[in-house]
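One file, upload.cif, carrying mmCIF, C-alpha atoms and all ligand atoms:
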data_start
#
loop_
_atom_site.label_atom_id
_atom_site.label_comp_id
_atom_site.auth_asym_id
_atom_site.auth_seq_id
_atom_site.Cartn_x
_atom_site.Cartn_y
_atom_site.Cartn_z
CA MET A 1 3.16 -15.47 8.19
CA GLU A 2 -0.17 -13.64 8.25
CA THR A 3 -0.67 -9.90 8.56
CA LYS A 4 -4.18 -8.99 9.64
CA VAL A 5 -5.78 -5.58 9.23
CA SER A 6 -9.40 -4.67 9.82
CA SER A 7 -12.16 -2.12 9.75
CA LEU A 8 -15.10 -2.22 12.14
CA THR A 9 -16.73 -4.98 10.07
CA LYS A 10 -14.10 -6.47 7.75
CA GLU A 11 -10.82 -8.31 8.24
CA VAL A 12 -8.24 -8.61 5.46
CA ILE A 13 -5.43 -11.16 5.76
CA ILE A 14 -2.14 -10.71 3.91
CA GLY A 15 -0.15 -13.92 3.44
CA ASP A 16 1.94 -15.99 1.02
CA HIS A 17 -0.62 -18.52 -0.10
CA ARG A 18 -3.56 -16.18 -0.21
CA PRO A 19 -4.79 -13.94 -3.00
CA THR A 20 -2.63 -10.82 -3.33
CA VAL A 21 -4.12 -7.97 -1.32
CA LEU A 22 -4.60 -4.80 -3.38
CA ILE A 23 -4.44 -1.42 -1.67
CA GLY A 24 -6.08 1.36 -3.72
CA GLU A 25 -3.66 4.28 -4.20
CA ARG A 26 -6.00 6.92 -5.61
CA ILE A 27 -6.79 8.89 -2.44
CA ASN A 28 -3.61 10.91 -2.86
CA PRO A 29 -3.56 14.55 -4.01
CA THR A 30 -0.09 14.27 -5.63
CA GLY A 31 -0.58 15.20 -9.28
CA LYS A 32 -4.38 15.47 -8.88
CA LYS A 33 -5.57 19.08 -9.16
CA LYS A 34 -9.22 18.23 -8.66
CA LEU A 35 -8.62 16.36 -5.40
CA GLN A 36 -6.33 19.13 -4.13
CA GLU A 37 -8.96 21.77 -4.84
CA ALA A 38 -11.67 19.71 -3.17
CA LEU A 39 -9.54 19.25 -0.04
CA ARG A 40 -8.80 23.00 0.06
CA ALA A 41 -12.51 23.73 -0.16
CA GLY A 42 -13.32 21.10 2.49
CA ARG A 43 -15.45 19.19 -0.03
CA PHE A 44 -15.12 15.59 0.99
CA GLU A 45 -17.56 14.15 -1.54
CA VAL A 46 -14.73 13.87 -4.09
CA LEU A 47 -12.80 11.76 -1.58
CA ARG A 48 -15.81 9.60 -0.79
CA LYS A 49 -16.49 9.00 -4.46
CA GLU A 50 -12.87 8.01 -5.07
CA ALA A 51 -13.16 5.58 -2.15
CA LEU A 52 -16.33 3.98 -3.49
CA THR A 53 -15.03 3.70 -7.07
CA GLN A 54 -11.92 1.87 -5.89
CA VAL A 55 -13.82 -0.56 -3.67
CA GLU A 56 -16.21 -1.30 -6.54
CA ALA A 57 -13.15 -1.97 -8.71
CA GLY A 58 -11.97 -4.59 -6.19
CA ALA A 59 -9.70 -2.73 -3.73
CA ASP A 60 -9.25 -4.77 -0.54
CA VAL A 61 -7.80 -1.85 1.45
CA LEU A 62 -7.62 1.90 0.71
CA ASP A 63 -4.53 4.05 1.12
CA VAL A 64 -5.43 7.48 2.51
CA ASN A 65 -2.98 10.29 1.81
CA VAL A 66 -4.22 13.88 2.04
CA ALA A 67 -0.92 15.79 2.34
CA THR A 68 -1.61 19.08 0.54
CA PHE A 69 0.64 22.13 0.63
CA GLY A 70 -0.69 24.74 3.03
CA LEU A 71 -3.31 22.52 4.69
CA ASP A 72 -3.22 21.16 8.24
CA GLU A 73 -2.63 17.45 7.70
CA VAL A 74 -3.15 16.66 11.38
CA SER A 75 -6.85 17.52 11.33
CA LEU A 76 -7.33 16.68 7.64
CA LEU A 77 -6.19 13.04 7.87
CA SER A 78 -8.50 12.17 10.77
CA GLN A 79 -11.38 13.94 9.05
CA ALA A 80 -10.70 12.07 5.82
CA VAL A 81 -10.62 8.73 7.66
CA GLN A 82 -14.03 9.42 9.18
CA GLU A 83 -15.51 10.50 5.84
CA ILE A 84 -14.19 7.38 4.10
CA ASN A 85 -15.39 5.13 6.93
CA GLY A 86 -18.86 6.51 6.36
CA GLU A 87 -18.73 5.51 2.70
CA VAL A 88 -16.95 2.13 2.48
CA ASP A 89 -16.21 -0.71 4.91
CA VAL A 90 -12.71 -1.84 3.88
CA PRO A 91 -9.69 -1.43 6.20
CA LEU A 92 -7.56 1.69 5.67
CA CYS A 93 -3.85 2.33 5.17
CA LEU A 94 -2.96 5.65 6.81
CA ASP A 95 -0.36 7.26 4.55
CA SER A 96 1.57 10.18 6.00
CA ALA A 97 5.13 11.21 6.74
CA ASN A 98 3.82 13.26 9.67
CA PRO A 99 3.56 11.24 12.93
CA GLU A 100 1.13 13.78 14.45
CA ALA A 101 -1.22 13.28 11.51
CA LEU A 102 -0.90 9.50 11.88
CA GLU A 103 -1.73 9.73 15.56
CA SER A 104 -4.80 11.92 15.04
CA ALA A 105 -6.10 9.41 12.48
CA LEU A 106 -5.30 6.44 14.75
CA LYS A 107 -7.38 8.05 17.48
CA VAL A 108 -10.54 8.00 15.36
CA TYR A 109 -9.93 4.75 13.45
CA LYS A 110 -12.09 1.78 14.41
CA GLY A 111 -10.34 -1.54 13.82
CA LYS A 112 -6.71 -2.38 13.05
CA PRO A 113 -5.26 -0.09 10.38
CA LEU A 114 -2.07 -0.25 8.39
CA ILE A 115 0.33 2.62 9.11
CA ASN A 116 2.18 3.85 6.01
CA SER A 117 4.94 4.16 7.02
CA VAL A 118 8.04 3.87 9.19
CA THR A 119 11.51 4.09 7.63
CA GLY A 120 14.94 2.98 8.85
CA GLU A 121 15.69 6.60 9.84
CA GLU A 122 16.29 6.99 13.57
CA ARG A 123 13.74 9.78 13.93
CA SER A 124 11.07 7.76 12.19
CA LEU A 125 11.73 4.55 14.15
CA ALA A 126 11.64 6.43 17.45
CA ARG A 127 8.43 8.27 16.66
CA VAL A 128 6.34 5.80 14.64
CA LEU A 129 7.04 2.41 16.28
CA PRO A 130 5.52 3.52 19.63
CA LEU A 131 2.35 4.50 17.75
CA VAL A 132 2.19 1.07 16.08
CA ARG A 133 2.48 -0.55 19.49
CA GLU A 134 0.11 1.75 21.35
CA TYR A 135 -2.70 1.52 18.79
CA GLY A 136 -2.18 -2.15 17.92
CA ALA A 137 -1.72 -1.38 14.22
CA ALA A 138 0.27 -3.06 11.45
CA VAL A 139 3.00 -1.02 9.74
CA ILE A 140 4.76 -0.67 6.40
CA GLY A 141 8.54 -0.38 6.73
CA LEU A 142 10.23 1.47 3.87
CA VAL A 143 13.81 0.44 3.10
CA GLN A 144 15.17 3.94 3.35
CA ASP A 145 17.42 5.45 6.02
CA ASP A 146 19.22 8.65 6.94
CA GLU A 147 21.21 8.39 3.72
CA GLY A 148 18.15 7.99 1.48
CA ILE A 149 17.01 5.04 -0.64
CA PRO A 150 19.97 2.74 -1.43
CA LYS A 151 20.56 1.97 -5.10
CA ASP A 152 21.75 -1.59 -4.41
CA GLU A 153 19.76 -4.45 -2.95
CA GLY A 154 22.31 -5.29 -0.23
CA ARG A 155 21.71 -2.10 1.73
CA ARG A 156 17.96 -2.35 1.24
CA VAL A 157 18.02 -5.80 2.80
CA ALA A 158 20.13 -4.46 5.69
CA ILE A 159 17.59 -1.69 6.38
CA ALA A 160 14.75 -4.26 6.36
CA HIS A 161 16.66 -6.20 9.04
CA LYS A 162 17.11 -3.03 11.08
CA ILE A 163 13.40 -2.14 10.94
CA VAL A 164 12.28 -5.66 11.92
CA GLU A 165 14.80 -5.90 14.78
CA ARG A 166 13.85 -2.49 16.15
CA ALA A 167 10.12 -3.22 15.88
CA GLU A 168 10.49 -6.53 17.69
CA LYS A 169 12.41 -4.76 20.46
CA PHE A 170 9.38 -2.53 20.86
CA GLY A 171 7.16 -5.60 21.24
CA ILE A 172 5.69 -5.43 17.74
CA SER A 173 5.40 -8.89 16.22
CA ARG A 174 6.87 -9.74 12.84
CA GLU A 175 3.38 -10.50 11.52
CA ASP A 176 2.52 -6.84 11.91
CA ILE A 177 5.34 -5.59 9.68
CA LEU A 178 5.18 -5.32 5.88
CA ILE A 179 8.43 -4.41 4.17
CA ASP A 180 8.29 -2.15 1.09
CA CYS A 181 11.41 -2.38 -1.11
CA LEU A 182 10.67 0.97 -2.86
CA THR A 183 10.85 1.49 -6.58
CA PHE A 184 12.55 4.18 -8.64
CA ALA A 185 11.26 4.97 -12.12
CA VAL A 186 12.86 2.54 -14.54
CA GLY A 187 13.06 5.35 -17.11
CA ALA A 188 15.54 7.16 -14.87
CA GLN A 189 17.28 4.15 -13.22
CA PRO A 190 17.75 1.25 -15.62
CA ASN A 191 18.42 -1.26 -12.80
CA SER A 192 15.46 -0.18 -10.70
CA GLY A 193 13.17 -3.13 -11.38
CA LEU A 194 15.91 -5.73 -11.11
CA VAL A 195 17.19 -4.42 -7.78
CA VAL A 196 13.68 -4.47 -6.32
CA MET A 197 13.06 -8.08 -7.40
CA GLU A 198 16.38 -9.20 -5.89
CA ALA A 199 15.67 -7.34 -2.64
CA ILE A 200 12.20 -8.91 -2.38
CA ARG A 201 13.61 -12.43 -2.78
CA LYS A 202 16.36 -11.88 -0.21
CA ILE A 203 14.14 -10.21 2.40
CA LYS A 204 11.54 -12.97 2.05
CA ALA A 205 14.22 -15.66 2.47
CA GLU A 206 16.08 -14.00 5.34
CA LEU A 207 13.25 -12.48 7.36
CA GLY A 208 10.10 -14.31 6.29
CA VAL A 209 8.04 -11.11 6.60
CA ASN A 210 5.22 -10.17 4.29
CA LEU A 211 6.12 -7.62 1.64
CA THR A 212 4.29 -4.82 -0.10
CA LEU A 213 5.22 -2.48 -2.93
CA GLY A 214 3.94 0.70 -4.55
CA ALA A 215 3.85 -0.30 -8.20
CA SER A 216 3.07 2.95 -10.02
CA ASN A 217 6.48 4.54 -9.44
CA ILE A 218 8.14 2.17 -11.90
CA SER A 219 6.51 3.81 -14.92
CA PHE A 220 6.85 7.56 -14.24
CA GLY A 221 7.67 9.45 -17.41
CA LEU A 222 7.04 6.53 -19.77
CA PRO A 223 4.21 5.88 -22.22
CA ASP A 224 1.61 3.13 -21.63
CA ARG A 225 2.10 3.16 -17.88
CA GLN A 226 -0.63 0.59 -17.42
CA LEU A 227 1.31 -2.00 -19.40
CA LEU A 228 4.51 -1.44 -17.42
CA ASN A 229 2.69 -1.34 -14.09
CA SER A 230 0.88 -4.60 -14.86
CA ALA A 231 4.11 -6.36 -15.90
CA PHE A 232 5.81 -5.07 -12.75
CA VAL A 233 2.94 -6.27 -10.55
CA VAL A 234 3.10 -9.77 -12.03
CA MET A 235 6.86 -9.97 -11.50
CA ALA A 236 6.64 -8.62 -7.94
CA ILE A 237 3.99 -11.21 -7.04
CA GLY A 238 6.24 -13.88 -8.57
CA ALA A 239 9.18 -12.62 -6.51
CA GLY A 240 7.24 -12.76 -3.25
CA VAL A 241 5.10 -9.70 -2.44
CA SER A 242 1.64 -10.50 -1.10
CA CYS A 243 0.26 -6.96 -1.06
CA LEU A 244 0.48 -4.08 -3.55
CA ILE A 245 -0.34 -0.37 -3.55
CA VAL A 246 -1.79 0.20 -7.00
CA ASP A 247 -4.40 1.78 -9.25
CA VAL A 248 -6.70 -1.19 -8.65
CA GLU A 249 -9.04 -0.65 -11.56
CA LYS A 250 -6.11 -0.72 -14.00
CA VAL A 251 -3.93 -3.57 -12.71
CA ARG A 252 -6.30 -5.94 -10.90
CA PRO A 253 -6.70 -8.24 -13.93
CA ALA A 254 -2.93 -8.76 -14.12
CA ALA A 255 -2.72 -9.44 -10.37
CA LEU A 256 -5.57 -11.96 -10.60
CA ALA A 257 -3.82 -13.70 -13.51
CA ALA A 258 -0.60 -13.94 -11.48
CA ASP A 259 -2.49 -15.31 -8.47
CA LEU A 260 -4.14 -17.99 -10.59
CA ILE A 261 -0.82 -19.05 -12.13
CA LEU A 262 0.83 -19.23 -8.70
CA GLY A 263 -1.87 -21.36 -7.09
CA ARG A 264 -3.38 -18.55 -5.02
CA ASP A 265 -6.80 -18.75 -6.69
CA LYS A 266 -8.25 -22.27 -6.54
CA TYR A 267 -10.08 -23.24 -9.74
CA GLY A 268 -9.66 -19.66 -10.96
CA ARG A 269 -12.77 -18.57 -9.11
CA ARG A 270 -11.66 -14.98 -8.61
CA TYR A 271 -10.16 -14.73 -12.09
CA ILE A 272 -13.35 -15.96 -13.76
CA GLU A 273 -15.60 -13.84 -11.58
CA ASP A 274 -13.59 -10.73 -12.48
CA TYR A 275 -13.69 -11.62 -16.18
CA ARG A 276 -17.49 -11.91 -16.05
CA LYS A 277 -17.81 -8.62 -14.21
CA ARG A 278 -15.66 -6.79 -16.74
CA LYS A 279 -17.51 -8.38 -19.60
CA ARG A 280 -20.83 -7.23 -18.17
CA SER A 281 -19.51 -3.67 -17.87
CA GLN A 282 -18.33 -3.82 -21.52
CA ASN A 283 -14.65 -3.50 -20.81
CA LEU A 284 -14.11 -6.66 -22.82
N1 LIG B 301 5.07 2.79 -1.05
C1 LIG B 301 4.26 3.06 -0.01
N2 LIG B 301 3.36 4.06 -0.02
C2 LIG B 301 3.26 4.85 -1.12
C3 LIG B 301 4.06 4.62 -2.24
C4 LIG B 301 5.00 3.55 -2.19
N3 LIG B 301 2.35 5.87 -1.14
C5 LIG B 301 2.33 6.83 -2.21
C6 LIG B 301 2.76 6.19 -3.53
N4 LIG B 301 3.94 5.42 -3.36
C7 LIG B 301 1.64 5.31 -4.03
N5 LIG B 301 0.55 6.11 -4.48
C8 LIG B 301 0.51 6.69 -5.76
C9 LIG B 301 -0.54 7.53 -6.05
C10 LIG B 301 -0.63 8.10 -7.32
C11 LIG B 301 0.33 7.84 -8.27
C12 LIG B 301 1.37 7.00 -7.98
C13 LIG B 301 1.46 6.42 -6.72
C14 LIG B 301 0.26 8.45 -9.62
N6 LIG B 301 -0.46 9.54 -9.84
C15 LIG B 301 -0.56 10.15 -11.16
C16 LIG B 301 0.66 11.03 -11.41
O1 LIG B 301 1.18 11.62 -10.47
O2 LIG B 301 1.05 11.12 -12.56
C17 LIG B 301 -1.80 10.96 -11.28
C18 LIG B 301 -2.98 10.06 -11.23
C19 LIG B 301 -4.21 10.59 -11.87
O3 LIG B 301 -4.40 11.79 -12.01
O4 LIG B 301 -5.02 9.74 -12.24
O5 LIG B 301 0.87 7.95 -10.55
O6 LIG B 301 5.75 3.27 -3.15
N7 LIG B 301 4.36 2.28 1.10
#
Can you present the structure in this file as structure tokens?
Amino acid sequence: METKVSSLTKEVIIGDHRPTVLIGERINPTGKKKLQEALRAGRFEVLRKEALTQVEAGADVLDVNVATFGLDEVSLLSQAVQEINGEVDVPLCLDSANPEALESALKVYKGKPLINSVTGEERSLARVLPLVREYGAAVIGLVQDDEGIPKDEGRRVAIAHKIVERAEKFGISREDILIDCLTFAVGAQPNSGLVVMEAIRKIKAELGVNLTLGASNISFGLPDRQLLNSAFVVMAIGAGVSCLIVDVEKVRPAALAADLILGRDKYGRRYIEDYRKRKRSQNL
């Protein structure tokens, strides 16, 4: 099972026996005053710099979310995509809950992007899946439906089935779907991590699709978030995800360690290369 995404010049392949693909999460104004202010002022250099920093830190793909209260996301997302394309050459993950914004970005995107996201909600399936098909994109399916995010793994697995079935009916191939099991903060929901790991294992076994996960949610409200996020990333890779939405600079070493242990990094080439790079930049 291989999910391919691309920019004009680069292809990234997500798959079980390959190195885990890391999607940089930092182009997202949630909780970032500076980025919000820059977007309000139409200053895109902050965005471009964030893109470059993440790619230099080893991001394979960049998530682009510009949803900011009071701003027109439809024009902003396509503008942001063009600005980022001018700065870095990695494929992009278009992150918006607004289908019009997704479509405006799809119109200007060159290559095969990842759409983030469709959910199991009827409105979302009906509006987003045709876009995936029309623009030949890949898509992240969130295991959430009209009743919200289920607390148990059984209903999450059922929603994953629903999304895959519906997508295939639309003529979208299973390779082009990544399922995201969604994580609550473990500080608020003690079972959160466990439920996600169980759901990942079941969805992988039953559907064979590739899986992704946003890892930073697990640690909201807790100290030493980097430690928790890294532990979560290692466990998620062990359970079967092949792609993660993360703060790449902070958790890449843990992901590379997991890949090496699981036979996804022959002779530890990537692990050793990353160690040398960090050593040179005095982080070790
Ligand atoms: N799944 C999918 N997409 C997603 C998520 C997911 N997109 C959004 C989100 N979750 C992933 N992105 C982020 C981005 C930032 C943070 C967490 C997840 C974050 N920000 C800090 C905060 O709010 O405290 C601020 C960061 C800073 O200032 O440095 O933690 O799960 N498919």
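One distance worth recording is that between CA of Gly111 (chain A) and atom C13 of ligand LIG 301 (chain B), which is 25.0 Å.
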Per residue of chain A within 10 Å of ligand LIG 301 (chain B), which atom pair is closest and at what distance in Å (one decimal), using only C-alpha atoms and all ligand atoms, listed by chain and increasing number, as a tab-separated table?
residue	atom	partner	partner_atom	distance
A:Ile23	CA	B:LIG301	C7	9.4
A:Gly24	CA	B:LIG301	N5	8.2
A:Glu25	CA	B:LIG301	N5	4.6
A:Arg26	CA	B:LIG301	C9	5.5
A:Ile27	CA	B:LIG301	C9	7.3
A:Asn28	CA	B:LIG301	C9	5.6
A:Pro29	CA	B:LIG301	C10	7.8
A:Thr30	CA	B:LIG301	O1	5.7
A:Gly31	CA	B:LIG301	O1	4.2
A:Lys32	CA	B:LIG301	O3	4.8
A:Lys33	CA	B:LIG301	O3	7.9
A:Lys34	CA	B:LIG301	O3	8.7
A:Leu35	CA	B:LIG301	O3	9.1
A:Asp63	CA	B:LIG301	N3	7.5
A:Val64	CA	B:LIG301	N3	8.7
A:Asn65	CA	B:LIG301	C5	7.5
A:Cys93	CA	B:LIG301	N2	9.1
A:Leu94	CA	B:LIG301	N2	9.4
A:Asp95	CA	B:LIG301	N3	6.5
A:Ser96	CA	B:LIG301	N3	8.4
A:Ala97	CA	B:LIG301	N3	9.9
A:Ile115	CA	B:LIG301	N7	9.0
A:Asn116	CA	B:LIG301	N7	5.6
A:Ser117	CA	B:LIG301	N7	6.2
A:Val118	CA	B:LIG301	N7	9.0
A:Thr119	CA	B:LIG301	N7	9.9
A:Val139	CA	B:LIG301	N7	9.3
A:Ile140	CA	B:LIG301	N7	6.1
A:Gly141	CA	B:LIG301	N7	7.5
A:Leu142	CA	B:LIG301	N7	6.5
A:Val143	CA	B:LIG301	N7	9.8
A:Leu178	CA	B:LIG301	N7	9.0
A:Ile179	CA	B:LIG301	N7	8.4
A:Asp180	CA	B:LIG301	N7	5.9
A:Cys181	CA	B:LIG301	N1	8.2
A:Leu182	CA	B:LIG301	O6	5.4
A:Thr183	CA	B:LIG301	O6	6.4
A:Phe184	CA	B:LIG301	O6	8.8
A:Thr212	CA	B:LIG301	N7	7.2
A:Leu213	CA	B:LIG301	N1	5.6
A:Gly214	CA	B:LIG301	O6	3.4
A:Ala215	CA	B:LIG301	O6	6.5
A:Ser216	CA	B:LIG301	C12	4.8
A:Asn217	CA	B:LIG301	C12	5.9
A:Ile218	CA	B:LIG301	O6	9.1
A:Ser219	CA	B:LIG301	O5	8.2
A:Phe220	CA	B:LIG301	O2	7.0
A:Gly221	CA	B:LIG301	O2	8.4
A:Arg225	CA	B:LIG301	O5	8.8
A:Leu244	CA	B:LIG301	N1	8.6
A:Ile245	CA	B:LIG301	C7	6.0
A:Val246	CA	B:LIG301	C7	6.8
A:Asp247	CA	B:LIG301	C10	7.6
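Using all atoms listed in the file, the shortest contact distance between Arg264 (chain A) and any of A:Arg278, A:Arg127, A:Lys250, A:His17 is found at A:His17.
Between CA of Ile172 (chain A) and CA of Val66 (chain A) lies a distance of 26.8 Å.
Taking all atoms listed in the file into account, Pro253 (chain A) lies nearest to A:Gln226 out of the set A:Gln36, A:Asn210, A:Gln226, A:Ser124.
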Completion exercise
Using all atoms listed in the file, the shortest atom-to-atom distance to Ser173 (chain A) among A:Asp146, A:Val74, A:Asn98, A:Ala138 belongs to A:Ala138
Completion exercise
Between CA of Ser230 (chain A) and CA of Ile84 (chain A) lies a distance of 27.0 Å
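Proximity of A:Leu106, A:Val90, A:Leu260, A:Leu77 to Leu39 (chain A), computed with all atoms listed in the file, is greatest for A:Leu77.
Take the candidates A:Gly86, A:Gly58, A:Gly148, A:Gly120 and check each one against Arg166 (chain A) using all atoms listed in the file; the shortest distance goes to A:Gly120.
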Exercise for the section: Find, counting only C-alpha atoms, the residue in A:Glu73, A:Glu198, A:Asp265, A:Asp176 that gets nearest to Ile13 (chain A). Expected result: A:Asp176
